[in-house]
$ cat start.cif   # mmCIF, C-alpha atoms
data_entry
loop_
_atom_site.label_atom_id
_atom_site.label_comp_id
_atom_site.auth_asym_id
_atom_site.auth_seq_id
_atom_site.Cartn_x
_atom_site.Cartn_y
_atom_site.Cartn_z
CA MET A 1 0.00 0.00 0.00
CA THR A 2 1.45 3.37 -0.93
CA GLY A 3 1.52 6.23 1.55
CA LYS A 4 -0.27 8.58 -0.84
CA ILE A 5 -2.34 11.26 0.90
CA PHE A 6 -5.38 12.84 -0.77
CA PRO A 7 -6.17 16.20 0.84
CA THR A 8 -9.72 16.28 -0.55
CA ALA A 9 -12.32 13.78 -1.69
CA GLN A 10 -11.95 15.22 -5.19
CA ASP A 11 -8.22 14.41 -5.13
CA ALA A 12 -9.12 10.82 -4.24
CA GLU A 13 -11.70 10.73 -7.05
CA ASN A 14 -9.20 12.07 -9.57
CA ALA A 15 -6.68 9.40 -8.51
CA PHE A 16 -9.35 6.71 -8.77
CA TYR A 17 -10.15 7.51 -12.41
CA GLU A 18 -6.46 8.05 -13.30
CA ALA A 19 -5.64 4.60 -11.90
CA LEU A 20 -8.59 3.15 -13.79
CA GLU A 21 -7.37 4.68 -17.09
CA ARG A 22 -3.79 3.48 -16.47
CA ALA A 23 -4.96 0.00 -15.34
CA ASP A 24 -2.73 0.66 -12.31
CA LEU A 25 -3.67 -1.78 -9.56
CA GLU A 26 -1.42 -0.31 -6.85
CA GLY A 27 -2.60 3.19 -7.72
CA MET A 28 -6.20 1.99 -7.57
CA MET A 29 -5.85 0.29 -4.21
CA ALA A 30 -4.03 3.33 -2.77
CA VAL A 31 -7.30 5.24 -3.23
CA TRP A 32 -9.36 2.80 -1.15
CA ALA A 33 -9.61 2.95 2.64
CA GLU A 34 -7.76 0.14 4.43
CA ASP A 35 -11.01 -1.12 5.85
CA GLU A 36 -12.92 -4.35 5.64
CA ASP A 37 -16.20 -2.42 5.18
CA ILE A 38 -15.33 -1.03 1.75
CA VAL A 39 -17.98 -1.80 -0.87
CA CYS A 40 -17.54 -2.04 -4.65
CA VAL A 41 -20.23 -2.81 -7.24
CA HIS A 42 -19.00 -3.00 -10.84
CA PRO A 43 -21.63 -2.47 -13.58
CA GLY A 44 -23.89 -5.52 -13.62
CA GLY A 45 -21.83 -7.22 -10.93
CA PRO A 46 -22.40 -8.43 -7.38
CA ARG A 47 -21.53 -6.43 -4.29
CA LEU A 48 -17.91 -6.95 -3.27
CA THR A 49 -16.77 -6.13 0.25
CA GLY A 50 -13.35 -5.85 1.87
CA GLN A 51 -9.85 -5.33 0.53
CA ASP A 52 -9.38 -8.83 -0.88
CA GLN A 53 -12.55 -8.94 -3.00
CA VAL A 54 -12.10 -5.38 -4.23
CA ARG A 55 -8.41 -5.81 -5.13
CA GLU A 56 -9.08 -9.11 -6.86
CA SER A 57 -11.86 -7.58 -8.98
CA TRP A 58 -9.69 -4.71 -10.19
CA ALA A 59 -6.80 -7.08 -10.88
CA ARG A 60 -9.12 -9.14 -13.08
CA ILE A 61 -10.47 -6.06 -14.88
CA PHE A 62 -7.00 -4.65 -15.51
CA ALA A 63 -5.61 -8.03 -16.62
CA ALA A 64 -8.39 -8.27 -19.23
CA GLY A 65 -6.67 -5.38 -20.99
CA GLY A 66 -8.43 -2.90 -23.25
CA ARG A 67 -7.24 0.60 -22.42
CA ALA A 68 -9.98 3.16 -22.03
CA ARG A 69 -10.31 6.87 -21.44
CA VAL A 70 -13.00 7.97 -19.03
CA HIS A 71 -14.58 11.40 -18.99
CA ILE A 72 -16.51 12.30 -15.84
CA SER A 73 -19.60 14.47 -16.18
CA GLN A 74 -22.68 15.71 -14.32
CA GLN A 75 -21.17 15.44 -10.87
CA VAL A 76 -23.47 15.98 -7.90
CA ALA A 77 -21.44 16.27 -4.69
CA ILE A 78 -22.45 16.33 -1.03
CA SER A 79 -19.67 16.81 1.52
CA ALA A 80 -19.59 16.73 5.29
CA MET A 81 -16.71 16.71 7.78
CA MET A 82 -15.90 13.02 7.51
CA LEU A 83 -17.78 11.73 4.48
CA ALA A 84 -18.28 12.93 0.92
CA VAL A 85 -20.66 11.50 -1.67
CA HIS A 86 -20.19 12.07 -5.39
CA SER A 87 -22.68 10.95 -8.03
CA VAL A 88 -21.12 11.02 -11.50
CA HIS A 89 -21.59 9.82 -15.03
CA GLU A 90 -18.60 7.86 -16.35
CA ASN A 91 -18.22 8.15 -20.12
CA PHE A 92 -15.82 5.51 -21.46
CA THR A 93 -14.04 5.65 -24.79
CA VAL A 94 -12.34 2.34 -25.52
CA GLU A 95 -9.37 2.06 -27.90
CA GLY A 96 -10.44 0.54 -31.20
CA GLU A 97 -14.12 1.41 -30.75
CA ALA A 98 -15.56 4.09 -32.99
CA ARG A 99 -18.01 5.57 -30.52
CA PRO A 100 -18.09 6.25 -26.79
CA ARG A 101 -19.94 3.63 -24.78
CA ALA A 102 -23.25 4.29 -23.08
CA PRO A 103 -22.61 6.12 -19.80
CA ILE A 104 -22.24 4.45 -16.43
CA VAL A 105 -23.74 6.10 -13.34
CA ALA A 106 -21.56 5.82 -10.26
CA THR A 107 -22.05 6.68 -6.60
CA ASN A 108 -18.64 7.23 -5.00
CA VAL A 109 -18.30 7.68 -1.23
CA TYR A 110 -15.13 8.99 0.41
CA LEU A 111 -14.08 8.88 4.07
CA ARG A 112 -11.67 11.28 5.78
CA THR A 113 -9.10 9.04 7.43
CA ALA A 114 -5.90 9.77 9.33
CA ALA A 115 -4.18 9.30 5.94
CA GLY A 116 -6.38 11.74 4.01
CA TRP A 117 -9.53 11.05 2.02
CA ARG A 118 -10.05 7.51 0.79
CA MET A 119 -12.79 5.76 -1.17
CA ILE A 120 -15.11 3.48 0.81
CA VAL A 121 -17.93 2.87 -1.71
CA HIS A 122 -17.94 2.65 -5.51
CA HIS A 123 -21.33 1.61 -6.89
CA ALA A 124 -21.53 1.67 -10.70
CA SER A 125 -24.35 0.61 -12.99
CA PRO A 126 -25.27 1.16 -16.63
CA ALA A 127 -27.24 4.40 -17.08
CA GLN A 128 -30.08 4.16 -19.58
CA ALA A 129 -30.52 6.82 -22.19
CA GLN A 130 -32.21 9.76 -20.55
CA ALA A 131 -33.38 13.30 -21.04
CA PRO A 132 -30.52 15.81 -20.92
CA GLU A 133 -30.04 17.27 -17.49
CA ALA A 134 -29.38 20.84 -16.51
CA ALA A 135 -25.81 21.94 -15.81
CA PRO A 136 -24.33 20.26 -12.74
CA ALA A 137 -25.15 21.91 -9.46
CA GLU A 138 -22.47 23.53 -7.33
CA PRO A 139 -21.00 21.12 -4.80
CA LYS A 140 -22.73 21.43 -1.46
CA ILE A 141 -20.58 21.73 1.65
CA LEU A 142 -22.08 20.83 5.04
CA HIS A 143 -20.38 21.70 8.30
CA MET B 1 -44.75 17.11 2.67
CA THR B 2 -45.30 15.59 6.10
CA GLY B 3 -43.45 16.87 9.12
CA LYS B 4 -42.18 13.40 10.01
CA ILE B 5 -38.85 13.43 11.88
CA PHE B 6 -36.45 10.48 11.72
CA PRO B 7 -34.08 10.55 14.71
CA THR B 8 -31.58 8.20 13.04
CA ALA B 9 -30.58 7.20 9.54
CA GLN B 10 -31.89 3.72 10.30
CA ASP B 11 -35.31 5.19 11.11
CA ALA B 12 -35.29 6.89 7.72
CA GLU B 13 -34.25 3.64 6.03
CA ASN B 14 -37.02 1.71 7.78
CA ALA B 15 -39.57 4.31 6.66
CA PHE B 16 -38.22 4.16 3.09
CA TYR B 17 -38.77 0.41 2.79
CA GLU B 18 -42.14 0.57 4.60
CA ALA B 19 -43.32 3.22 2.14
CA LEU B 20 -42.02 1.10 -0.73
CA GLU B 21 -43.96 -1.96 0.51
CA ARG B 22 -47.14 0.08 1.02
CA ALA B 23 -46.75 1.90 -2.33
CA ASP B 24 -47.21 5.06 -0.24
CA LEU B 25 -46.02 8.03 -2.30
CA GLU B 26 -46.37 10.64 0.46
CA GLY B 27 -44.65 8.34 2.94
CA MET B 28 -41.86 7.77 0.41
CA MET B 29 -41.31 11.44 -0.32
CA ALA B 30 -41.34 12.28 3.42
CA VAL B 31 -38.14 10.22 3.68
CA TRP B 32 -36.27 12.25 1.06
CA ALA B 33 -34.47 15.51 1.82
CA GLU B 34 -36.19 18.59 0.43
CA ASP B 35 -33.21 19.29 -1.77
CA GLU B 36 -32.63 19.58 -5.48
CA ASP B 37 -29.42 17.52 -5.19
CA ILE B 38 -31.15 14.28 -4.24
CA VAL B 39 -30.18 11.38 -6.53
CA CYS B 40 -32.18 8.23 -7.29
CA VAL B 41 -31.17 5.35 -9.58
CA HIS B 42 -33.77 2.58 -9.92
CA PRO B 43 -32.48 -0.84 -11.05
CA GLY B 44 -31.48 -0.55 -14.71
CA GLY B 45 -32.68 3.03 -14.87
CA PRO B 46 -31.09 6.41 -15.51
CA ARG B 47 -29.96 8.78 -12.77
CA LEU B 48 -32.80 10.98 -11.56
CA THR B 49 -32.09 14.19 -9.69
CA GLY B 50 -34.26 16.59 -7.72
CA GLN B 51 -37.67 16.30 -6.08
CA ASP B 52 -39.72 16.36 -9.28
CA GLN B 53 -37.91 13.53 -11.08
CA VAL B 54 -37.71 11.39 -7.95
CA ARG B 55 -41.39 11.85 -6.99
CA GLU B 56 -42.53 11.21 -10.56
CA SER B 57 -40.55 7.96 -10.73
CA TRP B 58 -42.01 6.60 -7.48
CA ALA B 59 -45.51 7.66 -8.55
CA ARG B 60 -45.07 5.66 -11.76
CA ILE B 61 -43.69 2.62 -9.92
CA PHE B 62 -46.50 2.67 -7.34
CA ALA B 63 -49.18 3.23 -10.00
CA ALA B 64 -47.96 0.13 -11.85
CA GLY B 65 -49.27 -1.89 -8.91
CA GLY B 66 -47.91 -5.26 -7.85
CA ARG B 67 -47.51 -5.32 -4.09
CA ALA B 68 -44.22 -6.67 -2.85
CA ARG B 69 -42.55 -7.48 0.43
CA VAL B 70 -38.92 -6.52 0.76
CA HIS B 71 -36.49 -8.10 3.18
CA ILE B 72 -33.24 -6.19 3.78
CA SER B 73 -30.07 -8.18 4.38
CA GLN B 74 -26.29 -7.88 4.59
CA GLN B 75 -26.24 -4.23 5.63
CA VAL B 76 -22.88 -2.49 5.73
CA ALA B 77 -23.23 0.91 7.43
CA ILE B 78 -20.83 3.83 7.77
CA SER B 79 -22.01 6.81 9.82
CA ALA B 80 -20.57 10.21 10.50
CA MET B 81 -22.01 13.32 12.15
CA MET B 82 -23.96 14.55 9.15
CA LEU B 83 -23.98 11.71 6.64
CA ALA B 84 -24.64 7.99 6.83
CA VAL B 85 -24.11 5.43 4.08
CA HIS B 86 -25.87 2.06 4.07
CA SER B 87 -25.16 -0.68 1.55
CA VAL B 88 -27.91 -3.33 1.59
CA HIS B 89 -29.33 -6.21 -0.35
CA GLU B 90 -33.04 -5.83 -1.13
CA ASN B 91 -34.83 -9.18 -1.43
CA PHE B 92 -38.23 -8.75 -3.05
CA THR B 93 -41.11 -11.20 -2.84
CA VAL B 94 -43.88 -10.23 -5.23
CA GLU B 95 -47.49 -11.35 -4.72
CA GLY B 96 -48.40 -14.10 -7.15
CA GLU B 97 -44.80 -15.11 -7.79
CA ALA B 98 -43.65 -18.45 -6.42
CA ARG B 99 -40.07 -17.49 -5.64
CA PRO B 100 -38.26 -14.41 -4.35
CA ARG B 101 -36.66 -12.32 -7.06
CA ALA B 102 -32.90 -12.05 -7.49
CA PRO B 103 -31.55 -9.56 -4.99
CA ILE B 104 -30.99 -5.88 -5.68
CA VAL B 105 -27.92 -4.14 -4.25
CA ALA B 106 -28.62 -0.62 -2.99
CA THR B 107 -26.43 2.21 -1.75
CA ASN B 108 -28.52 4.50 0.46
CA VAL B 109 -27.14 7.81 1.72
CA TYR B 110 -28.78 9.83 4.51
CA LEU B 111 -28.20 13.42 5.54
CA ARG B 112 -28.84 14.89 9.00
CA THR B 113 -31.05 17.91 8.37
CA ALA B 114 -32.79 20.35 10.70
CA ALA B 115 -35.80 18.00 10.34
CA GLY B 116 -33.96 14.81 11.24
CA TRP B 117 -32.28 12.28 8.96
CA ARG B 118 -33.43 12.20 5.35
CA MET B 119 -32.42 10.19 2.30
CA ILE B 120 -30.32 12.00 -0.32
CA VAL B 121 -29.13 9.10 -2.51
CA HIS B 122 -30.75 5.78 -3.43
CA HIS B 123 -28.73 3.84 -6.02
CA ALA B 124 -30.10 0.37 -6.77
CA SER B 125 -28.95 -2.18 -9.32
CA PRO B 126 -29.47 -5.91 -9.89
CA ALA B 127 -26.97 -7.99 -7.90
CA GLN B 128 -25.66 -11.01 -9.76
CA ALA B 129 -25.49 -14.36 -8.06
CA GLN B 130 -22.43 -14.37 -5.84
CA ALA B 131 -20.52 -16.33 -3.27
CA PRO B 132 -22.15 -16.21 0.17
CA GLU B 133 -20.75 -13.48 2.34
CA ALA B 134 -19.85 -13.60 5.98
CA ALA B 135 -22.30 -12.28 8.56
CA PRO B 136 -22.87 -8.51 8.29
CA ALA B 137 -20.28 -6.39 10.07
CA GLU B 138 -21.21 -4.19 13.01
CA PRO B 139 -22.17 -0.68 11.93
CA LYS B 140 -19.21 1.66 12.13
CA ILE B 141 -19.67 5.00 13.88
CA LEU B 142 -17.29 7.86 13.11
CA HIS B 143 -17.19 11.00 15.22
#

$ encode --input "start.cif" --output "structure tokens"
Amino acid sequence: MTGKIFPTAQDAENAFYEALERADLEGMMAVWAEDEDIVCVHPGGPRLTGQDQVRESWARIFAAGGRARVHISQQVAISAMMLAVHSVHENFTVEGEARPRAPIVATNVYLRTAAGWRMIVHHASPAQAQAPEAAPAEPKILH
Amino acid sequence: MTGKIFPTAQDAENAFYEALERADLEGMMAVWAEDEDIVCVHPGGPRLTGQDQVRESWARIFAAGGRARVHISQQVAISAMMLAVHSVHENFTVEGEARPRAPIVATNVYLRTAAGWRMIVHHASPAQAQAPEAAPAEPKILH
């Protein structure tokens, strides 16, 4: 586990998607809290809990190859002292595919730990086609 | 909007699933924060944001009829001062169907408001068959 410190939940989110694009397993796991209560749901997949299940799932995804770019849009963010919740659309463009894939909707939850902000929940599922939404709201800060 | 006050996030979650079982639209909307940043993803559906989209979706679901019982299992809960995150499996039994449906995995996020705890995110998606998990962990309280 690296000693990387993310000063904000957004820093942790940026590192999460950078690791995902690079297929970087150590970078990915450095974003997650070292906690057995972490929860990860890949699109169409079962709920995975704990470091072992989450690491193993990303290892399998990254080993399958297929480099992708992901553009994050329509973020809705709610932040409190210790927890932050981001709802985002993930827009994947996969090498060798002519068109971007249908978006994925993800709920990402971050926890403020002694070692900075870390991810504790990533819940992703395919987002159906939908009516266009208004511009994303300003992040809401609660104290 | 009713003036119902939920002293804990668990009270709000209980009311959410009771309203869902009763197909009670007012009871359902009384659980949600009066906030335009609320987020709801029904299984297989698009992301809905704000009171109007969320209310309209529940109205449509309840109008479609089909009473169901829902049993909640395998809760993982993370709570802080202002936000609480529950990951649960929803196990639906629909009247007239011989067997329970495949479980749904849901991420539910609650916010402590001036009017008690309210739901701000409900993200549900079909949970594939999976290996049995260990008994649910104790809820974790962060202060």

$ interface_residues --input "start.cif" --of "chain B" --to "chain A" --cutoff "8 Å" --atoms "all atoms listed in the file" --output "list in words"
Asp37, Val39, Gly44, Gly45, Pro46, Arg47, Val76, Ala80, Met81, Met82, Leu83, Ser87, Val105, Thr107, His123, Ser125, Pro126, Ala127, Gln128, Ala129, Gln130, Ala137 and Leu142 of chain B

$ calpha_fit_and_write --input "start.cif" --fixed "chain B" --moving "chain A" --output "tab-separated table (two decimals) with C-alpha atoms, keeping the file's coordinate frame"
chain	number	residue	atom	x	y	z
A	1	MET	CA	-44.70	17.09	2.63
A	2	THR	CA	-45.29	15.58	6.05
A	3	GLY	CA	-43.45	16.86	9.11
A	4	LYS	CA	-42.17	13.40	10.01
A	5	ILE	CA	-38.86	13.42	11.88
A	6	PHE	CA	-36.45	10.47	11.72
A	7	PRO	CA	-34.08	10.55	14.70
A	8	THR	CA	-31.58	8.19	13.05
A	9	ALA	CA	-30.58	7.21	9.53
A	10	GLN	CA	-31.89	3.72	10.30
A	11	ASP	CA	-35.32	5.19	11.12
A	12	ALA	CA	-35.29	6.90	7.72
A	13	GLU	CA	-34.25	3.64	6.04
A	14	ASN	CA	-37.02	1.71	7.78
A	15	ALA	CA	-39.57	4.32	6.64
A	16	PHE	CA	-38.21	4.16	3.10
A	17	TYR	CA	-38.78	0.41	2.79
A	18	GLU	CA	-42.14	0.57	4.61
A	19	ALA	CA	-43.33	3.22	2.14
A	20	LEU	CA	-42.02	1.11	-0.72
A	21	GLU	CA	-43.95	-1.97	0.51
A	22	ARG	CA	-47.14	0.08	1.03
A	23	ALA	CA	-46.74	1.89	-2.34
A	24	ASP	CA	-47.21	5.06	-0.25
A	25	LEU	CA	-46.02	8.03	-2.29
A	26	GLU	CA	-46.39	10.65	0.46
A	27	GLY	CA	-44.66	8.35	2.93
A	28	MET	CA	-41.88	7.77	0.41
A	29	MET	CA	-41.32	11.44	-0.32
A	30	ALA	CA	-41.35	12.27	3.42
A	31	VAL	CA	-38.15	10.22	3.69
A	32	TRP	CA	-36.28	12.25	1.06
A	33	ALA	CA	-34.46	15.51	1.82
A	34	GLU	CA	-36.18	18.61	0.42
A	35	ASP	CA	-33.19	19.29	-1.77
A	36	GLU	CA	-32.63	19.59	-5.47
A	37	ASP	CA	-29.41	17.53	-5.19
A	38	ILE	CA	-31.14	14.28	-4.25
A	39	VAL	CA	-30.18	11.38	-6.52
A	40	CYS	CA	-32.18	8.23	-7.28
A	41	VAL	CA	-31.17	5.35	-9.57
A	42	HIS	CA	-33.77	2.58	-9.92
A	43	PRO	CA	-32.47	-0.84	-11.05
A	44	GLY	CA	-31.49	-0.56	-14.71
A	45	GLY	CA	-32.67	3.04	-14.86
A	46	PRO	CA	-31.10	6.43	-15.49
A	47	ARG	CA	-29.96	8.79	-12.76
A	48	LEU	CA	-32.81	10.98	-11.55
A	49	THR	CA	-32.09	14.20	-9.67
A	50	GLY	CA	-34.27	16.60	-7.71
A	51	GLN	CA	-37.67	16.31	-6.06
A	52	ASP	CA	-39.72	16.36	-9.26
A	53	GLN	CA	-37.91	13.53	-11.07
A	54	VAL	CA	-37.70	11.39	-7.94
A	55	ARG	CA	-41.37	11.86	-6.98
A	56	GLU	CA	-42.52	11.21	-10.53
A	57	SER	CA	-40.54	7.96	-10.71
A	58	TRP	CA	-42.02	6.59	-7.49
A	59	ALA	CA	-45.51	7.66	-8.55
A	60	ARG	CA	-45.05	5.67	-11.76
A	61	ILE	CA	-43.69	2.62	-9.92
A	62	PHE	CA	-46.49	2.66	-7.35
A	63	ALA	CA	-49.18	3.22	-10.01
A	64	ALA	CA	-47.94	0.12	-11.86
A	65	GLY	CA	-49.25	-1.88	-8.92
A	66	GLY	CA	-47.91	-5.26	-7.86
A	67	ARG	CA	-47.51	-5.32	-4.09
A	68	ALA	CA	-44.21	-6.67	-2.86
A	69	ARG	CA	-42.54	-7.48	0.42
A	70	VAL	CA	-38.91	-6.53	0.76
A	71	HIS	CA	-36.48	-8.12	3.18
A	72	ILE	CA	-33.25	-6.20	3.79
A	73	SER	CA	-30.07	-8.18	4.39
A	74	GLN	CA	-26.28	-7.88	4.58
A	75	GLN	CA	-26.25	-4.25	5.62
A	76	VAL	CA	-22.89	-2.49	5.73
A	77	ALA	CA	-23.22	0.90	7.43
A	78	ILE	CA	-20.83	3.83	7.77
A	79	SER	CA	-22.02	6.80	9.83
A	80	ALA	CA	-20.57	10.21	10.51
A	81	MET	CA	-22.02	13.33	12.15
A	82	MET	CA	-23.96	14.56	9.14
A	83	LEU	CA	-23.99	11.71	6.64
A	84	ALA	CA	-24.66	7.99	6.83
A	85	VAL	CA	-24.12	5.42	4.08
A	86	HIS	CA	-25.87	2.06	4.07
A	87	SER	CA	-25.16	-0.69	1.54
A	88	VAL	CA	-27.91	-3.32	1.58
A	89	HIS	CA	-29.32	-6.22	-0.36
A	90	GLU	CA	-33.03	-5.82	-1.13
A	91	ASN	CA	-34.82	-9.16	-1.43
A	92	PHE	CA	-38.24	-8.74	-3.06
A	93	THR	CA	-41.09	-11.21	-2.84
A	94	VAL	CA	-43.87	-10.23	-5.23
A	95	GLU	CA	-47.48	-11.35	-4.71
A	96	GLY	CA	-48.39	-14.11	-7.14
A	97	GLU	CA	-44.78	-15.13	-7.79
A	98	ALA	CA	-43.64	-18.47	-6.42
A	99	ARG	CA	-40.06	-17.51	-5.64
A	100	PRO	CA	-38.25	-14.44	-4.35
A	101	ARG	CA	-36.65	-12.34	-7.06
A	102	ALA	CA	-32.90	-12.06	-7.51
A	103	PRO	CA	-31.54	-9.55	-4.98
A	104	ILE	CA	-30.99	-5.88	-5.68
A	105	VAL	CA	-27.93	-4.13	-4.23
A	106	ALA	CA	-28.62	-0.62	-3.00
A	107	THR	CA	-26.43	2.20	-1.73
A	108	ASN	CA	-28.53	4.49	0.46
A	109	VAL	CA	-27.14	7.81	1.73
A	110	TYR	CA	-28.78	9.81	4.51
A	111	LEU	CA	-28.21	13.43	5.54
A	112	ARG	CA	-28.84	14.90	9.00
A	113	THR	CA	-31.06	17.91	8.37
A	114	ALA	CA	-32.80	20.34	10.70
A	115	ALA	CA	-35.81	18.00	10.34
A	116	GLY	CA	-33.97	14.79	11.24
A	117	TRP	CA	-32.29	12.28	8.95
A	118	ARG	CA	-33.44	12.20	5.35
A	119	MET	CA	-32.43	10.20	2.29
A	120	ILE	CA	-30.33	12.01	-0.32
A	121	VAL	CA	-29.13	9.10	-2.50
A	122	HIS	CA	-30.75	5.78	-3.43
A	123	HIS	CA	-28.73	3.85	-6.01
A	124	ALA	CA	-30.10	0.38	-6.77
A	125	SER	CA	-28.95	-2.18	-9.31
A	126	PRO	CA	-29.48	-5.89	-9.89
A	127	ALA	CA	-26.98	-7.98	-7.90
A	128	GLN	CA	-25.64	-11.00	-9.76
A	129	ALA	CA	-25.52	-14.35	-8.07
A	130	GLN	CA	-22.49	-14.38	-5.83
A	131	ALA	CA	-20.60	-16.36	-3.25
A	132	PRO	CA	-22.24	-16.21	0.19
A	133	GLU	CA	-20.79	-13.49	2.34
A	134	ALA	CA	-19.86	-13.60	5.99
A	135	ALA	CA	-22.29	-12.24	8.57
A	136	PRO	CA	-22.82	-8.49	8.26
A	137	ALA	CA	-20.26	-6.37	10.02
A	138	GLU	CA	-21.19	-4.19	12.98
A	139	PRO	CA	-22.15	-0.68	11.92
A	140	LYS	CA	-19.20	1.67	12.12
A	141	ILE	CA	-19.68	5.00	13.87
A	142	LEU	CA	-17.27	7.86	13.10
A	143	HIS	CA	-17.13	11.00	15.19

$ atom_distance --input "start.cif" --atom1 "atom CA of B:Tyr110" --atom2 "atom CA of B:Ala9"
6.0 Å

$ resolve_selection --input "start.cif" --expression "the PyMOL selection byres ((chain B and resi 59) around 12)" --output "PDB file with C-alpha atoms, in the frame of the given file"
ATOM      1  CA  ALA B  19     -43.320   3.220   2.140  1.00  0.00           C
ATOM      2  CA  LEU B  20     -42.020   1.100  -0.730  1.00  0.00           C
ATOM      3  CA  ALA B  23     -46.750   1.900  -2.330  1.00  0.00           C
ATOM      4  CA  ASP B  24     -47.210   5.060  -0.240  1.00  0.00           C
ATOM      5  CA  LEU B  25     -46.020   8.030  -2.300  1.00  0.00           C
ATOM      6  CA  GLU B  26     -46.370  10.640   0.460  1.00  0.00           C
ATOM      7  CA  GLY B  27     -44.650   8.340   2.940  1.00  0.00           C
ATOM      8  CA  MET B  28     -41.860   7.770   0.410  1.00  0.00           C
ATOM      9  CA  MET B  29     -41.310  11.440  -0.320  1.00  0.00           C
ATOM     10  CA  GLN B  51     -37.670  16.300  -6.080  1.00  0.00           C
ATOM     11  CA  ASP B  52     -39.720  16.360  -9.280  1.00  0.00           C
ATOM     12  CA  GLN B  53     -37.910  13.530 -11.080  1.00  0.00           C
ATOM     13  CA  VAL B  54     -37.710  11.390  -7.950  1.00  0.00           C
ATOM     14  CA  ARG B  55     -41.390  11.850  -6.990  1.00  0.00           C
ATOM     15  CA  GLU B  56     -42.530  11.210 -10.560  1.00  0.00           C
ATOM     16  CA  SER B  57     -40.550   7.960 -10.730  1.00  0.00           C
ATOM     17  CA  TRP B  58     -42.010   6.600  -7.480  1.00  0.00           C
ATOM     18  CA  ARG B  60     -45.070   5.660 -11.760  1.00  0.00           C
ATOM     19  CA  ILE B  61     -43.690   2.620  -9.920  1.00  0.00           C
ATOM     20  CA  PHE B  62     -46.500   2.670  -7.340  1.00  0.00           C
ATOM     21  CA  ALA B  63     -49.180   3.230 -10.000  1.00  0.00           C
ATOM     22  CA  ALA B  64     -47.960   0.130 -11.850  1.00  0.00           C
ATOM     23  CA  GLY B  65     -49.270  -1.890  -8.910  1.00  0.00           C
TER      24      GLY B  65
END

$ atom_distance --input "start.cif" --atom1 "atom CA of A:Gly50" --atom2 "atom CA of A:Glu34"
8.6 Å

$ atom_distance --input "start.cif" --atom1 "atom CA of A:Gln10" --atom2 "atom CA of A:Ala114"
16.6 Å

$ resolve_selection --input "start.cif" --expression "the PyMOL selection byres ((chain A and resi 4) around 8)" --output "JSON, numbers by chain"
{"A": [2, 3, 5, 6, 30, 115]}

$ resolve_selection --input "start.cif" --expression "the PyMOL selection byres ((chain B and resi 94) around 8)" --output "list in words"
Gly66, Arg67, Ala68, Arg69, Phe92, Thr93, Glu95, Gly96, Glu97, Pro100 and Arg101 of chain B

$ residues_around --input "start.cif" --residues "A:Ile72" --least-positions-apart "2" --cutoff "8 Å" --atoms "all atoms listed in the file" --output "PyMOL selection string"
chain A and resi 70+74-75+88-91

$ closest_residue --input "start.cif" --among "B:Ala102, B:Tyr17, B:Arg22, B:Ala12" --to "B:Met119" --atoms "only C-alpha atoms"
B:Ala12

$ decode --input "start.cif" --residues "stretch 11-19 of chain A" --atoms "N, CA, C and O atoms" --output "PDB file, in the first residue's frame"
ATOM      1  N   ASP A  11      -9.553  14.949  -4.804  1.00  0.00           N
ATOM      2  CA  ASP A  11      -8.225  14.406  -5.133  1.00  0.00           C
ATOM      3  C   ASP A  11      -8.281  12.880  -5.200  1.00  0.00           C
ATOM      4  O   ASP A  11      -7.666  12.262  -6.071  1.00  0.00           O
ATOM      5  N   ALA A  12      -8.995  12.279  -4.242  1.00  0.00           N
ATOM      6  CA  ALA A  12      -9.119  10.818  -4.244  1.00  0.00           C
ATOM      7  C   ALA A  12      -9.877  10.365  -5.495  1.00  0.00           C
ATOM      8  O   ALA A  12      -9.507   9.375  -6.135  1.00  0.00           O
ATOM      9  N   GLU A  13     -10.925  11.116  -5.856  1.00  0.00           N
ATOM     10  CA  GLU A  13     -11.698  10.730  -7.053  1.00  0.00           C
ATOM     11  C   GLU A  13     -10.846  10.839  -8.317  1.00  0.00           C
ATOM     12  O   GLU A  13     -10.880   9.958  -9.185  1.00  0.00           O
ATOM     13  N   ASN A  14     -10.069  11.924  -8.402  1.00  0.00           N
ATOM     14  CA  ASN A  14      -9.202  12.071  -9.574  1.00  0.00           C
ATOM     15  C   ASN A  14      -8.222  10.896  -9.666  1.00  0.00           C
ATOM     16  O   ASN A  14      -7.998  10.341 -10.751  1.00  0.00           O
ATOM     17  N   ALA A  15      -7.649  10.510  -8.520  1.00  0.00           N
ATOM     18  CA  ALA A  15      -6.679   9.404  -8.513  1.00  0.00           C
ATOM     19  C   ALA A  15      -7.357   8.087  -8.881  1.00  0.00           C
ATOM     20  O   ALA A  15      -6.758   7.232  -9.542  1.00  0.00           O
ATOM     21  N   PHE A  16      -8.604   7.929  -8.440  1.00  0.00           N
ATOM     22  CA  PHE A  16      -9.353   6.712  -8.773  1.00  0.00           C
ATOM     23  C   PHE A  16      -9.484   6.564 -10.291  1.00  0.00           C
ATOM     24  O   PHE A  16      -9.174   5.520 -10.866  1.00  0.00           O
ATOM     25  N   TYR A  17      -9.922   7.631 -10.954  1.00  0.00           N
ATOM     26  CA  TYR A  17     -10.152   7.512 -12.406  1.00  0.00           C
ATOM     27  C   TYR A  17      -8.835   7.486 -13.180  1.00  0.00           C
ATOM     28  O   TYR A  17      -8.751   6.856 -14.245  1.00  0.00           O
ATOM     29  N   GLU A  18      -7.776   8.141 -12.648  1.00  0.00           N
ATOM     30  CA  GLU A  18      -6.463   8.050 -13.299  1.00  0.00           C
ATOM     31  C   GLU A  18      -5.949   6.611 -13.222  1.00  0.00           C
ATOM     32  O   GLU A  18      -5.419   6.077 -14.207  1.00  0.00           O
ATOM     33  N   ALA A  19      -6.092   5.990 -12.053  1.00  0.00           N
ATOM     34  CA  ALA A  19      -5.638   4.598 -11.900  1.00  0.00           C
ATOM     35  C   ALA A  19      -6.449   3.680 -12.807  1.00  0.00           C
ATOM     36  O   ALA A  19      -5.916   2.749 -13.416  1.00  0.00           O
TER      37      ALA A  19
END
